[in-house]
file protein-v5.cif (mmCIF, C-alpha atoms and all ligand atoms)
data_coords
#
loop_
_atom_site.label_atom_id
_atom_site.label_comp_id
_atom_site.auth_asym_id
_atom_site.auth_seq_id
_atom_site.Cartn_x
_atom_site.Cartn_y
_atom_site.Cartn_z
CA MET A 26 43.24 -42.81 -31.79
CA SER A 27 42.13 -42.50 -28.18
CA SER A 28 39.07 -44.18 -26.69
CA GLU A 29 37.31 -40.81 -26.68
CA GLN A 30 37.54 -40.66 -30.47
CA ILE A 31 36.08 -44.10 -31.15
CA THR A 32 32.43 -43.97 -32.09
CA ALA A 33 29.75 -46.61 -31.98
CA ALA A 34 30.02 -46.90 -35.77
CA ALA A 35 33.26 -48.84 -35.19
CA SER A 36 31.17 -51.74 -33.92
CA GLY A 37 29.35 -52.11 -37.24
CA SER A 38 25.64 -51.90 -37.73
CA TRP A 39 22.55 -54.09 -37.88
CA ARG A 40 19.02 -53.57 -39.11
CA LEU A 41 16.07 -53.87 -36.78
CA GLY A 42 13.40 -54.12 -39.44
CA ASP A 43 13.83 -50.92 -41.44
CA LEU A 44 15.83 -49.21 -38.70
CA THR A 45 19.63 -49.32 -38.77
CA VAL A 46 21.51 -49.20 -35.48
CA ASN A 47 25.15 -49.29 -34.51
CA ARG A 48 25.92 -52.50 -32.68
CA VAL A 49 27.01 -50.81 -29.47
CA GLY A 50 24.07 -49.07 -27.87
CA LEU A 51 23.17 -48.01 -24.34
CA GLY A 52 20.98 -49.56 -21.68
CA ALA A 53 19.08 -46.94 -19.69
CA MET A 54 18.37 -49.03 -16.59
CA ARG A 55 21.38 -47.58 -14.73
CA LEU A 56 20.45 -43.95 -15.37
CA ALA A 57 17.66 -43.57 -12.82
CA GLN A 58 19.66 -44.41 -9.70
CA HIS A 59 23.04 -45.07 -8.17
CA GLY A 60 23.67 -48.70 -7.33
CA GLU A 61 21.08 -51.41 -7.54
CA ALA A 62 18.30 -50.89 -10.06
CA LEU A 63 14.60 -51.64 -9.66
CA THR A 64 14.46 -51.29 -5.89
CA ALA A 65 11.86 -49.07 -4.25
CA ASP A 66 14.43 -47.32 -2.04
CA ALA A 67 17.04 -46.68 -4.75
CA VAL A 68 19.20 -43.57 -4.48
CA PRO A 69 18.21 -41.28 -7.36
CA MET A 70 20.86 -40.37 -9.91
CA ASP A 71 21.82 -36.74 -10.33
CA ARG A 72 19.72 -35.60 -13.28
CA ALA A 73 22.48 -33.55 -14.91
CA ARG A 74 24.81 -36.56 -14.84
CA ALA A 75 22.25 -38.86 -16.43
CA VAL A 76 21.39 -36.29 -19.09
CA ALA A 77 25.09 -35.79 -19.81
CA VAL A 78 25.61 -39.53 -20.26
CA LEU A 79 22.73 -39.73 -22.72
CA ARG A 80 23.90 -36.73 -24.74
CA ARG A 81 27.48 -37.99 -24.79
CA ALA A 82 26.24 -41.38 -25.96
CA VAL A 83 24.56 -39.80 -28.96
CA GLU A 84 27.68 -37.72 -29.64
CA LEU A 85 29.62 -40.98 -29.68
CA GLY A 86 27.31 -42.40 -32.32
CA VAL A 87 25.06 -44.48 -30.08
CA ASN A 88 21.71 -44.69 -31.85
CA HIS A 89 20.12 -47.62 -30.02
CA ILE A 90 18.90 -47.00 -26.47
CA ASP A 91 17.11 -49.63 -24.44
CA THR A 92 14.63 -48.49 -21.82
CA ALA A 93 11.38 -49.30 -19.99
CA ALA A 94 8.71 -47.37 -18.15
CA PHE A 95 9.50 -49.48 -15.08
CA TYR A 96 13.09 -48.18 -14.99
CA PHE A 97 12.64 -45.54 -12.32
CA SER A 98 13.82 -44.54 -8.85
CA PRO A 99 11.92 -42.33 -6.40
CA LEU A 100 12.91 -39.17 -8.35
CA ARG A 101 14.08 -40.25 -11.78
CA SER A 102 12.59 -42.15 -14.68
CA ALA A 103 14.77 -43.48 -17.49
CA ASN A 104 12.17 -42.48 -20.06
CA GLU A 105 11.87 -38.97 -18.66
CA LEU A 106 15.65 -38.61 -18.69
CA ILE A 107 15.83 -39.78 -22.32
CA ASN A 108 13.12 -37.30 -23.25
CA ARG A 109 14.80 -34.48 -21.34
CA ALA A 110 18.23 -35.20 -22.77
CA LEU A 111 17.50 -36.04 -26.37
CA ALA A 112 14.17 -34.61 -27.57
CA PRO A 113 13.71 -33.55 -30.27
CA TYR A 114 15.17 -36.91 -31.11
CA PRO A 115 17.81 -37.42 -33.80
CA ASP A 116 16.30 -39.05 -36.90
CA ASP A 117 18.48 -42.12 -36.61
CA LEU A 118 17.85 -42.77 -32.91
CA VAL A 119 16.08 -46.04 -32.17
CA ILE A 120 14.53 -46.30 -28.72
CA ALA A 121 13.61 -49.82 -27.71
CA THR A 122 11.35 -50.24 -24.72
CA LYS A 123 9.79 -53.23 -23.05
CA VAL A 124 6.42 -54.03 -21.59
CA GLY A 125 5.02 -56.75 -19.39
CA PRO A 126 6.48 -56.14 -15.93
CA ALA A 127 4.95 -53.38 -13.86
CA ARG A 128 5.76 -51.42 -10.70
CA ASP A 129 3.42 -49.23 -8.72
CA SER A 130 4.21 -45.57 -8.20
CA SER A 131 6.20 -46.34 -5.05
CA GLY A 132 8.35 -48.80 -6.97
CA GLU A 133 6.93 -52.07 -5.65
CA TRP A 134 6.41 -54.82 -8.20
CA LEU A 135 2.91 -55.49 -9.44
CA PRO A 136 1.68 -58.63 -11.19
CA PRO A 137 2.77 -58.62 -14.84
CA ALA A 138 0.42 -57.04 -17.35
CA THR A 139 -2.42 -59.05 -18.79
CA PRO A 140 -2.75 -58.88 -22.58
CA GLY A 141 -5.44 -56.25 -22.13
CA GLN A 142 -3.15 -54.10 -19.98
CA LEU A 143 -0.34 -53.95 -22.54
CA ARG A 144 -1.94 -51.08 -24.45
CA GLY A 145 -1.80 -48.94 -21.31
CA GLN A 146 1.89 -49.77 -20.87
CA VAL A 147 2.62 -48.87 -24.48
CA GLU A 148 0.79 -45.57 -24.05
CA GLU A 149 2.70 -44.89 -20.82
CA ASN A 150 5.95 -45.23 -22.77
CA LEU A 151 4.64 -42.96 -25.51
CA ARG A 152 3.72 -40.28 -22.96
CA GLN A 153 7.00 -40.47 -21.07
CA LEU A 154 9.16 -40.48 -24.19
CA GLY A 155 7.04 -37.87 -25.93
CA ARG A 156 6.59 -39.96 -29.05
CA ASP A 157 3.67 -40.79 -31.32
CA HIS A 158 4.94 -44.30 -31.94
CA LEU A 159 7.52 -46.57 -30.37
CA ASP A 160 10.40 -47.82 -32.53
CA VAL A 161 10.78 -51.22 -30.89
CA VAL A 162 8.71 -52.81 -28.14
CA ASN A 163 9.94 -55.98 -26.49
CA LEU A 164 7.46 -58.22 -24.75
CA ARG A 165 9.33 -58.98 -21.52
CA VAL A 166 8.16 -62.47 -20.66
CA THR A 167 7.99 -63.38 -17.00
CA ALA A 168 6.88 -67.00 -17.09
CA PRO A 169 7.48 -70.05 -19.25
CA GLY A 170 4.80 -71.10 -21.68
CA SER A 171 2.82 -69.52 -24.44
CA VAL A 172 3.41 -65.89 -25.40
CA ALA A 173 0.63 -65.91 -28.00
CA GLU A 174 -1.98 -63.84 -26.18
CA HIS A 175 0.41 -61.14 -25.03
CA PHE A 176 2.32 -61.01 -28.30
CA GLY A 177 -0.93 -60.99 -30.23
CA ALA A 178 -2.04 -57.94 -28.26
CA LEU A 179 1.18 -56.15 -29.18
CA ALA A 180 0.82 -57.21 -32.80
CA GLU A 181 -2.55 -55.42 -32.84
CA LEU A 182 -0.92 -52.27 -31.47
CA ARG A 183 1.67 -52.56 -34.22
CA GLU A 184 -1.09 -52.82 -36.80
CA ALA A 185 -2.65 -49.73 -35.22
CA GLY A 186 0.59 -47.79 -35.76
CA LEU A 187 1.59 -47.36 -32.12
CA ILE A 188 4.60 -49.66 -32.53
CA ARG A 189 6.98 -49.99 -35.44
CA HIS A 190 8.73 -53.25 -34.58
CA LEU A 191 8.30 -56.01 -32.03
CA GLY A 192 10.80 -58.01 -30.01
CA LEU A 193 10.83 -60.50 -27.17
CA SER A 194 12.76 -60.63 -23.94
CA ALA A 195 13.61 -63.53 -21.63
CA VAL A 196 12.42 -66.17 -24.07
CA GLY A 197 13.50 -69.45 -25.60
CA PRO A 198 13.33 -70.82 -29.15
CA ASP A 199 9.79 -72.16 -28.82
CA GLN A 200 8.44 -68.81 -27.67
CA LEU A 201 10.28 -67.05 -30.49
CA ALA A 202 8.78 -69.43 -33.05
CA GLU A 203 5.32 -68.98 -31.58
CA ALA A 204 5.59 -65.19 -31.77
CA GLN A 205 6.98 -65.25 -35.30
CA ALA A 206 3.85 -67.05 -36.44
CA ILE A 207 1.89 -64.01 -35.23
CA ALA A 208 4.06 -61.07 -36.34
CA PRO A 209 7.68 -60.35 -37.32
CA VAL A 210 10.18 -60.35 -34.45
CA VAL A 211 13.22 -58.10 -34.94
CA CYS A 212 15.08 -58.86 -31.71
CA VAL A 213 15.44 -61.14 -28.74
CA GLN A 214 16.77 -59.60 -25.53
CA ASN A 215 18.06 -62.20 -23.07
CA SER A 216 20.69 -62.24 -20.35
CA TYR A 217 23.91 -63.59 -21.85
CA GLY A 218 27.66 -63.17 -21.72
CA ILE A 219 30.81 -64.73 -20.33
CA GLY A 220 29.52 -66.82 -17.45
CA VAL A 221 25.93 -65.83 -18.11
CA ARG A 222 23.67 -68.61 -19.37
CA PRO A 223 26.11 -70.44 -21.64
CA GLY A 224 23.33 -72.86 -22.53
CA GLN A 225 21.99 -70.21 -24.87
CA ASP A 226 24.80 -70.48 -27.41
CA ASP A 227 22.68 -72.38 -29.91
CA PHE A 228 19.80 -69.96 -29.51
CA VAL A 229 22.10 -66.99 -30.07
CA ARG A 230 23.26 -68.57 -33.30
CA ALA A 231 19.74 -69.54 -34.35
CA CYS A 232 18.59 -65.96 -33.95
CA GLY A 233 21.34 -64.85 -36.30
CA GLU A 234 20.36 -67.47 -38.86
CA GLN A 235 16.83 -66.08 -38.79
CA GLY A 236 17.95 -62.46 -39.08
CA VAL A 237 16.77 -61.73 -35.56
CA ALA A 238 19.02 -59.48 -33.48
CA PHE A 239 20.21 -60.96 -30.19
CA VAL A 240 20.57 -58.27 -27.55
CA PRO A 241 22.28 -59.52 -24.39
CA PHE A 242 21.82 -57.89 -21.02
CA PHE A 243 23.95 -58.46 -17.90
CA ALA A 244 26.93 -58.98 -20.21
CA ILE A 245 29.02 -56.92 -17.78
CA ALA A 246 27.03 -57.19 -14.57
CA ALA A 247 26.83 -61.00 -14.94
CA ALA A 248 25.90 -62.53 -11.58
CA GLY A 249 25.61 -59.05 -10.08
CA ARG A 250 22.42 -58.64 -12.12
CA GLU A 251 20.37 -55.61 -11.01
CA ALA A 252 22.96 -54.81 -8.32
CA GLY A 253 25.49 -54.16 -11.07
CA ALA A 254 29.07 -55.14 -11.77
CA SER A 255 30.94 -56.43 -8.73
CA GLY A 256 34.38 -55.92 -10.24
CA ALA A 257 35.17 -59.57 -9.47
CA ASP A 258 36.21 -61.23 -12.71
CA SER A 259 37.93 -64.54 -13.25
CA ASP A 260 41.66 -64.61 -13.79
CA ALA A 261 41.05 -65.69 -17.37
CA VAL A 262 39.10 -62.55 -18.19
CA LEU A 263 41.52 -60.39 -16.26
CA ASN A 264 44.49 -61.92 -18.08
CA VAL A 265 42.98 -61.10 -21.45
CA ALA A 266 42.18 -57.59 -20.33
CA ARG A 267 45.72 -57.13 -19.08
CA GLU A 268 47.22 -58.43 -22.31
CA LEU A 269 45.21 -55.96 -24.32
CA GLY A 270 45.46 -53.03 -21.97
CA VAL A 271 41.68 -52.87 -21.73
CA SER A 272 39.23 -53.43 -18.91
CA ALA A 273 37.44 -56.65 -18.03
CA ALA A 274 34.15 -54.96 -18.89
CA GLN A 275 35.48 -54.21 -22.37
CA VAL A 276 36.56 -57.84 -22.83
CA ARG A 277 33.07 -58.93 -21.78
CA LEU A 278 31.39 -56.62 -24.27
CA ALA A 279 33.73 -57.50 -27.12
CA TRP A 280 33.16 -61.18 -26.45
CA THR A 281 29.40 -60.84 -26.85
CA LEU A 282 29.79 -58.84 -30.05
CA HIS A 283 31.93 -61.58 -31.52
CA ARG A 284 29.13 -64.09 -31.18
CA GLY A 285 27.79 -62.80 -34.48
CA PRO A 286 26.99 -59.62 -36.41
CA HIS A 287 23.42 -59.81 -35.14
CA VAL A 288 24.47 -59.38 -31.52
CA LEU A 289 23.83 -55.85 -30.26
CA ALA A 290 25.36 -54.61 -27.01
CA ILE A 291 23.33 -52.42 -24.65
CA PRO A 292 25.75 -51.87 -21.75
CA GLY A 293 24.12 -49.98 -18.94
CA THR A 294 26.03 -47.19 -17.24
CA GLY A 295 25.56 -43.92 -15.47
CA ASP A 296 29.28 -43.20 -15.64
CA PRO A 297 30.57 -41.03 -18.51
CA ASP A 298 33.97 -42.73 -18.50
CA HIS A 299 32.41 -46.18 -18.64
CA LEU A 300 30.27 -45.01 -21.53
CA VAL A 301 33.36 -44.04 -23.52
CA ALA A 302 35.03 -47.34 -22.69
CA ASN A 303 31.95 -49.33 -23.69
CA VAL A 304 31.68 -47.61 -27.05
CA ALA A 305 35.37 -48.19 -27.61
CA ALA A 306 34.94 -51.90 -26.85
CA GLY A 307 32.99 -52.13 -30.09
CA ALA A 308 36.26 -51.59 -31.93
CA LEU A 309 37.99 -54.66 -30.49
CA ARG A 310 38.29 -57.39 -33.11
CA LEU A 311 38.86 -61.11 -33.18
CA PRO A 312 40.95 -62.12 -36.18
CA ALA A 313 39.14 -64.23 -38.76
CA ALA A 314 41.43 -67.20 -38.18
CA GLN A 315 40.39 -67.39 -34.57
CA ARG A 316 36.73 -66.97 -35.34
CA ALA A 317 36.86 -70.00 -37.60
CA ALA A 318 38.81 -72.21 -35.21
CA PRO A 319 36.98 -75.17 -33.72
CA GLY A 320 35.18 -74.09 -30.65
CA ALA A 321 35.92 -70.45 -31.24
CA SER A 322 33.28 -67.79 -31.10
CA THR A 323 31.64 -66.92 -34.37
CA GLY A 324 31.80 -63.43 -35.71
CA GLY A 325 31.41 -61.39 -38.82
CA GLY A 326 28.59 -63.62 -39.97
CA GLU A 327 30.92 -66.50 -40.76
CA PRO A 328 29.82 -69.88 -39.46
CA ALA A 329 32.23 -71.67 -37.20
CA THR A 330 33.97 -74.44 -39.10
CA GLY A 331 34.26 -77.30 -36.73
CA GLY A 332 31.03 -77.12 -34.91
CA ARG A 333 28.91 -75.07 -32.67
CA PRO A 334 30.19 -71.97 -30.94
CA ALA A 335 32.07 -72.81 -27.81
CA ALA A 336 30.27 -72.89 -24.53
CA CYS A 337 30.91 -69.66 -22.76
CA GLY A 338 30.34 -70.33 -19.09
CA GLU A 339 32.89 -68.94 -16.69
CA PRO A 340 33.87 -72.49 -15.62
CA GLY A 341 34.56 -73.31 -19.25
CA LEU A 342 36.46 -70.17 -19.94
CA PRO A 343 39.87 -71.34 -18.82
CA ARG A 344 39.81 -74.20 -21.31
CA GLN A 345 38.74 -71.91 -24.05
CA ALA A 346 40.53 -68.74 -23.20
CA ALA A 347 43.35 -69.26 -25.67
CA ARG A 348 40.93 -69.95 -28.48
CA LEU A 349 38.12 -67.59 -27.59
CA LEU A 350 39.93 -64.55 -26.51
CA ARG A 351 42.68 -64.04 -29.03
CA VAL A 352 41.51 -60.52 -29.28
CA VAL A 353 43.20 -58.12 -31.59
CA ALA A 354 43.05 -54.44 -30.92
CA ASP A 355 43.36 -52.58 -34.20
CA GLU A 356 44.96 -49.20 -34.07
CA PRO A 357 42.16 -47.07 -35.55
CA GLY A 358 39.69 -48.68 -33.25
CA ARG A 359 42.12 -49.47 -30.48
CA VAL A 360 40.93 -49.47 -26.93
CA GLY A 361 43.11 -48.21 -24.15
CA ASP A 362 46.84 -48.64 -24.52
CA GLY A 363 47.01 -52.19 -25.88
CA ARG A 364 50.75 -52.64 -26.12
CA ARG A 365 50.58 -55.09 -28.96
CA ALA A 366 48.07 -53.31 -31.10
CA ARG A 367 49.07 -52.62 -34.68
CA SER A 368 47.47 -50.47 -37.29
CA LEU A 369 45.22 -52.47 -39.57
CA GLY A 370 43.42 -49.74 -41.42
CA ARG A 371 39.72 -49.15 -41.19
CA HIS A 372 37.46 -52.13 -41.50
CA ARG A 373 34.00 -53.22 -40.52
CA PRO A 374 33.30 -56.48 -38.76
CA GLU A 375 31.26 -57.78 -41.65
CA GLU A 376 34.19 -57.05 -43.96
CA PRO A 377 37.21 -58.37 -42.09
CA ARG A 378 40.47 -57.29 -43.65
CA LEU A 379 42.83 -58.68 -41.08
CA SER A 380 46.04 -59.86 -42.63
CA PRO A 381 48.38 -62.04 -40.59
CA ALA A 382 51.25 -59.85 -41.72
CA GLN A 383 49.54 -56.84 -40.26
CA VAL A 384 48.27 -58.41 -37.12
CA LEU A 385 50.24 -58.87 -33.97
CA ARG A 386 48.03 -61.08 -31.93
CA ALA A 387 47.61 -60.50 -28.29
CA THR A 388 47.05 -64.04 -27.15
CA VAL A 389 46.56 -65.63 -23.82
CA GLY A 390 48.31 -68.91 -23.39
CA GLY A 391 45.79 -71.64 -22.76
CA THR A 392 47.97 -73.30 -20.19
CA ARG A 393 48.50 -70.09 -18.29
CA ALA A 394 44.84 -69.19 -18.44
CA ALA A 395 43.79 -72.65 -17.37
CA ARG A 396 46.17 -72.63 -14.46
CA SER A 397 45.24 -69.16 -13.24
CA ALA A 398 41.50 -69.66 -13.45
CA GLY A 399 41.43 -73.21 -12.31
N1 LIG A 401 15.06 -57.40 -20.76
C1 LIG A 401 15.40 -57.47 -19.49
O1 LIG A 401 14.82 -58.22 -18.70
C2 LIG A 401 16.54 -56.63 -18.98
C3 LIG A 401 17.04 -56.88 -17.70
C4 LIG A 401 18.08 -56.10 -17.26
C5 LIG A 401 18.62 -55.11 -18.06
N2 LIG A 401 18.10 -54.88 -19.29
C6 LIG A 401 18.66 -53.83 -20.17
O2 LIG A 401 19.98 -54.19 -20.46
C7 LIG A 401 20.87 -53.12 -20.12
C8 LIG A 401 22.19 -53.72 -19.67
O3 LIG A 401 22.01 -54.42 -18.46
P1 LIG A 401 22.59 -53.88 -17.08
O4 LIG A 401 22.69 -52.40 -17.11
O5 LIG A 401 21.82 -54.49 -16.02
O6 LIG A 401 23.97 -54.60 -16.97
P2 LIG A 401 25.37 -54.51 -17.72
O7 LIG A 401 25.36 -53.60 -18.87
O8 LIG A 401 25.77 -55.90 -17.91
O9 LIG A 401 26.28 -53.90 -16.58
C9 LIG A 401 25.99 -52.71 -15.93
C10 LIG A 401 26.86 -52.66 -14.71
O10 LIG A 401 28.22 -52.64 -15.11
C11 LIG A 401 28.81 -51.38 -14.77
N3 LIG A 401 29.58 -50.95 -15.94
C12 LIG A 401 29.11 -50.57 -17.15
N4 LIG A 401 30.12 -50.27 -17.96
C13 LIG A 401 31.26 -50.49 -17.27
C14 LIG A 401 32.63 -50.35 -17.57
N5 LIG A 401 33.06 -49.94 -18.77
N6 LIG A 401 33.54 -50.65 -16.61
C15 LIG A 401 33.13 -51.08 -15.39
N7 LIG A 401 31.84 -51.21 -15.04
C16 LIG A 401 30.91 -50.92 -15.97
C17 LIG A 401 27.68 -50.46 -14.42
O11 LIG A 401 28.05 -49.56 -13.43
P3 LIG A 401 28.26 -47.97 -13.77
O12 LIG A 401 26.91 -47.38 -13.87
O13 LIG A 401 29.06 -47.51 -12.60
O14 LIG A 401 29.02 -47.93 -15.05
C18 LIG A 401 26.64 -51.43 -13.87
O15 LIG A 401 26.95 -51.78 -12.53
C19 LIG A 401 20.12 -52.38 -19.03
O16 LIG A 401 20.62 -51.07 -18.83
C20 LIG A 401 18.72 -52.44 -19.53
O17 LIG A 401 18.48 -51.44 -20.51
C21 LIG A 401 17.08 -55.64 -19.77
#

call {"tool": "encode", "arguments": {"input": "protein-v5.cif", "output": "C-alpha cells"}}
result
Amino acid sequence: MSSEQITAAASGSWRLGDLTVNRVGLGAMRLAQHGEALTADAVPMDRARAVAVLRRAVELGVNHIDTAAFYFSPLRSANELINRALAPYPDDLVIATKVGPARDSSGEWLPPATPGQLRGQVEENLRQLGRDHLDVVNLRVTAPGSVAEHFGALAELREAGLIRHLGLSAVGPDQLAEAQAIAPVVCVQNSYGIGVRPGQDDFVRACGEQGVAFVPFFAIAAAGREAGASGADSDAVLNVARELGVSAAQVRLAWTLHRGPHVLAIPGTGDPDHLVANVAAGALRLPAAQRAAPGASTGGGEPATGGRPAACGEPGLPRQAARLLRVVADEPGRVGDGRRARSLGRHRPEEPRLSPAQVLRATVGGTRAARSAG
C-alpha cells in the first residue's frame, strides 16, 4: 500500500464528546499564507492550492480540522478557505476553532478578548465558517492564572447552543481542573512533541486518564513555531527516519500519537505531498513490547509498566532513542519504503495485534543514537 492509499482512519479514532474523529487531523494555520504564520505582511497562499489541500484532506479521511478566525493573511482567511473548500460540510467533519487572541483587520495583534468579547469572536467564527453552531471551541489562554471568567462565558454560549463542545489551549493542570468545574472539557491543545515542552509528559497522561483529548501543536515545527519547520532535526530523529524510510516529520507525528490513544495530531501544512505524508504517519506503530518498556512512550491506552512516560526533550532523546523509537511500520499502513516493514494485517492502535513472529523491528541502536546526537 502506498502512502497515497493510507487514510486517516489508520490512526484510530477518539471521541470529542459525542463527535468521533480520526486521530490524524489537519491544522489550518498554514493555509492562509506561505511561510511564517500570523504576521501582518505574510505572503498569501494561492487559494486554489489551499482549497485543494483541504479537499484532499477530507478525501484522505481527515475529519478533524483545527482553525481560528485569527488565522489570516492579507488576502486569505483559514475559515473562509475551509468554507469555500468544504461547505456543505460532510456530516462527520469536526471543525475546532479557538477564541481569545485577536488581530485587527490589518493583522496586528490586539489585546486578548475580555469575557464579554468572546461572544463576538464565536459569532465571527460562525459567520466565516457558515455554521449555526461550532463543533469545538478552545479557549486559547494567553496568561497564567484563572480561566474561570472566560471559560464561564463560553460555557454560557454552549448552553445557548452556539457551541457544542469546549476545550482549552495553552493551559496547565490547574486551569483544566478549574474549567472542568464549570463545564465539560473535551480537549486540551498545547504545544508538545519531541523537543517541545517535555515537562508536560505527566499532563499529557493525566488528560488521557480523564478522557480529555490532548492535541499537540508545533509537533513538527518545534522551535520553528509560527515560522514553521526548519528541516533541522537531531541525528537521533534522522536516524530513526532513515531506518524506517520515512521523514523526520513523520517520526515526530508518530511519536506524539504514541503518547496515548487520546492524543490527536493536527499537523499544519499547505503542501499536498506533506498532507499525504502526515496522514500516512498515523499508520506507523510502536510494538506493544516497546510501549510497555520502562521509560517508553505509552500507547494504545496501556499504562507504562515501570513508571511515567519518558521525558521527551531533544536533549534526552539520544538516551531514549533505542527505547522510544523502536517504530514498526506495518505493511498495510506502511509509510514510505520502510525496508524492514512486514505485513501485520489490519489492526487499530487500541487493539494491537503485533506478534513478535510477524514483526521485524526497525530499531535504532541506543549507543549509535547516543553517539550521533551527543
Ligand atoms: N492553540 C494554539 O495556540 C496553536 C498555536 C499554533 C498552532 N496551532 C494549530 O496547530 C496546528 C499545527 O501547528 P503548526 O502548523 O504551527 O505546526 P506543525 O504542524 O508542527 O508544523 C507545520 C510546519 O511543518 C511543515 N510540515 C508539515 N508537514 C510536513 C511534512 N510532512 N514534512 C515536512 N514539513 C512539514 C509545514 O510546512 P508546509 O506547509 O510546507 O508543509 C510547517 O512549516 C496549526 O496549523 C494550528 O491549527 C494552535

call {"tool": "closest_atom_pairs", "arguments": {"input": "protein-v5.cif", "of": "range 225-317 of chain A", "to": "range 38-57 of chain A", "cutoff": "10 Å", "atoms": "only C-alpha atoms", "output": "Markdown table"}}
result
| residue | atom | partner | partner_atom | distance |
| --- | --- | --- | --- | --- |
| A:Gly236 | CA | A:Arg40 | CA | 9.0 |
| A:Val237 | CA | A:Leu41 | CA | 8.0 |
| A:Ala238 | CA | A:Leu41 | CA | 7.1 |
| A:Val240 | CA | A:Arg48 | CA | 9.4 |
| A:Phe242 | CA | A:Gly52 | CA | 8.4 |
| A:Glu251 | CA | A:Met54 | CA | 8.9 |
| A:Ala252 | CA | A:Arg55 | CA | 9.8 |
| A:Gly253 | CA | A:Arg55 | CA | 8.6 |
| A:Leu278 | CA | A:Val49 | CA | 8.9 |
| A:Ala279 | CA | A:Val49 | CA | 9.8 |
| A:Leu282 | CA | A:Arg48 | CA | 7.9 |
| A:Pro286 | CA | A:Trp39 | CA | 7.2 |
| A:His287 | CA | A:Trp39 | CA | 6.4 |
| A:Val288 | CA | A:Arg48 | CA | 7.1 |
| A:Leu289 | CA | A:Arg48 | CA | 4.6 |
| A:Ala290 | CA | A:Val49 | CA | 4.8 |
| A:Ile291 | CA | A:Leu51 | CA | 4.4 |
| A:Pro292 | CA | A:Gly52 | CA | 5.3 |
| A:Gly293 | CA | A:Gly52 | CA | 4.2 |
| A:Thr294 | CA | A:Arg55 | CA | 5.3 |
| A:Gly295 | CA | A:Leu56 | CA | 5.1 |
| A:Asp296 | CA | A:Leu56 | CA | 8.9 |
| A:Leu300 | CA | A:Leu51 | CA | 8.2 |
| A:Asn303 | CA | A:Val49 | CA | 7.7 |
| A:Val304 | CA | A:Val49 | CA | 6.2 |
| A:Ala305 | CA | A:Val49 | CA | 9.0 |
| A:Ala306 | CA | A:Val49 | CA | 8.4 |
| A:Gly307 | CA | A:Val49 | CA | 6.2 |
| A:Ala308 | CA | A:Val49 | CA | 9.6 |

call {"tool": "write_last_selection", "arguments": {"input": "protein-v5.cif", "atoms": "C-alpha atoms", "output": "JSON list (two decimals), in the coordinates of the input"}}
result
[["chain", "number", "residue", "atom", "x", "y", "z"],
["A", 236, "GLY", "CA", 17.95, -62.46, -39.08],
["A", 237, "VAL", "CA", 16.77, -61.73, -35.56],
["A", 238, "ALA", "CA", 19.02, -59.48, -33.48],
["A", 240, "VAL", "CA", 20.57, -58.27, -27.55],
["A", 242, "PHE", "CA", 21.82, -57.89, -21.02],
["A", 251, "GLU", "CA", 20.37, -55.61, -11.01],
["A", 252, "ALA", "CA", 22.96, -54.81, -8.32],
["A", 253, "GLY", "CA", 25.49, -54.16, -11.07],
["A", 278, "LEU", "CA", 31.39, -56.62, -24.27],
["A", 279, "ALA", "CA", 33.73, -57.50, -27.12],
["A", 282, "LEU", "CA", 29.79, -58.84, -30.05],
["A", 286, "PRO", "CA", 26.99, -59.62, -36.41],
["A", 287, "HIS", "CA", 23.42, -59.81, -35.14],
["A", 288, "VAL", "CA", 24.47, -59.38, -31.52],
["A", 289, "LEU", "CA", 23.83, -55.85, -30.26],
["A", 290, "ALA", "CA", 25.36, -54.61, -27.01],
["A", 291, "ILE", "CA", 23.33, -52.42, -24.65],
["A", 292, "PRO", "CA", 25.75, -51.87, -21.75],
["A", 293, "GLY", "CA", 24.12, -49.98, -18.94],
["A", 294, "THR", "CA", 26.03, -47.19, -17.24],
["A", 295, "GLY", "CA", 25.56, -43.92, -15.47],
["A", 296, "ASP", "CA", 29.28, -43.20, -15.64],
["A", 300, "LEU", "CA", 30.27, -45.01, -21.53],
["A", 303, "ASN", "CA", 31.95, -49.33, -23.69],
["A", 304, "VAL", "CA", 31.68, -47.61, -27.05],
["A", 305, "ALA", "CA", 35.37, -48.19, -27.61],
["A", 306, "ALA", "CA", 34.94, -51.90, -26.85],
["A", 307, "GLY", "CA", 32.99, -52.13, -30.09],
["A", 308, "ALA", "CA", 36.26, -51.59, -31.93]]

call {"tool": "closest_residue", "arguments": {"input": "protein-v5.cif", "among": "A:Ser255, A:Val161, A:Val265, A:Asn215", "to": "Phe243 in chain A", "atoms": "only C-alpha atoms"}}
result
A:Asn215

call {"tool": "closest_residue", "arguments": {"input": "protein-v5.cif", "among": "A:Ala93, A:Ala173, A:Val211, A:Leu269", "to": "ligand LIG 401 (chain A)", "atoms": "all atoms listed in the file"}}
result
A:Ala93

call {"tool": "atom_distance", "arguments": {"input": "protein-v5.cif", "atom1": "CA of Ala302 in chain A", "atom2": "CA of Ser28 in chain A"}}
result
6.5 Å

call {"tool": "atom_distance", "arguments": {"input": "protein-v5.cif", "atom1": "CA of Asn150 in chain A", "atom2": "CA of Ala208 in chain A"}}
result
20.9 Å

call {"tool": "closest_residue", "arguments": {"input": "protein-v5.cif", "among": "A:Val124, A:Leu106, A:Ala246, A:Val262", "to": "Gln142 in chain A", "atoms": "all atoms listed in the file"}}
result
A:Val124

call {"tool": "closest_residue", "arguments": {"input": "protein-v5.cif", "among": "A:Val301, A:Leu201, A:Val68, A:Val271", "to": "Phe228 in chain A", "atoms": "all atoms listed in the file"}}
result
A:Leu201

call {"tool": "residues_around", "arguments": {"input": "protein-v5.cif", "residues": "Asp199 in chain A", "least_positions_apart": "6", "cutoff": "10 Å", "atoms": "all atoms listed in the file", "output": "PyMOL selection string"}}
result
chain A and resi 170-172+205

call {"tool": "atom_distance", "arguments": {"input": "protein-v5.cif", "atom1": "atom N5 of ligand LIG 401 (chain A)", "atom2": "CA of Ala266 in chain A"}}
result
12.0 Å

call {"tool": "decode", "arguments": {"input": "protein-v5.cif", "residues": "range 86-95 of chain A", "atoms": "C-alpha atoms", "output": "short mmCIF file (atom, residue, chain, number, x, y, z; two decimals), in the first residue's frame"}}
result
data_model
loop_
_atom_site.label_atom_id
_atom_site.label_comp_id
_atom_site.auth_asym_id
_atom_site.auth_seq_id
_atom_site.Cartn_x
_atom_site.Cartn_y
_atom_site.Cartn_z
CA GLY A 86 -10.37 10.62 5.81
CA VAL A 87 -9.38 13.69 7.81
CA ASN A 88 -12.45 14.71 9.79
CA HIS A 89 -10.90 16.98 12.41
CA ILE A 90 -9.72 20.42 11.27
CA ASP A 91 -8.30 22.98 13.66
CA THR A 92 -8.75 26.64 12.81
CA ALA A 93 -9.23 30.16 14.21
CA ALA A 94 -10.64 33.43 12.98
CA PHE A 95 -7.24 35.00 13.62
#
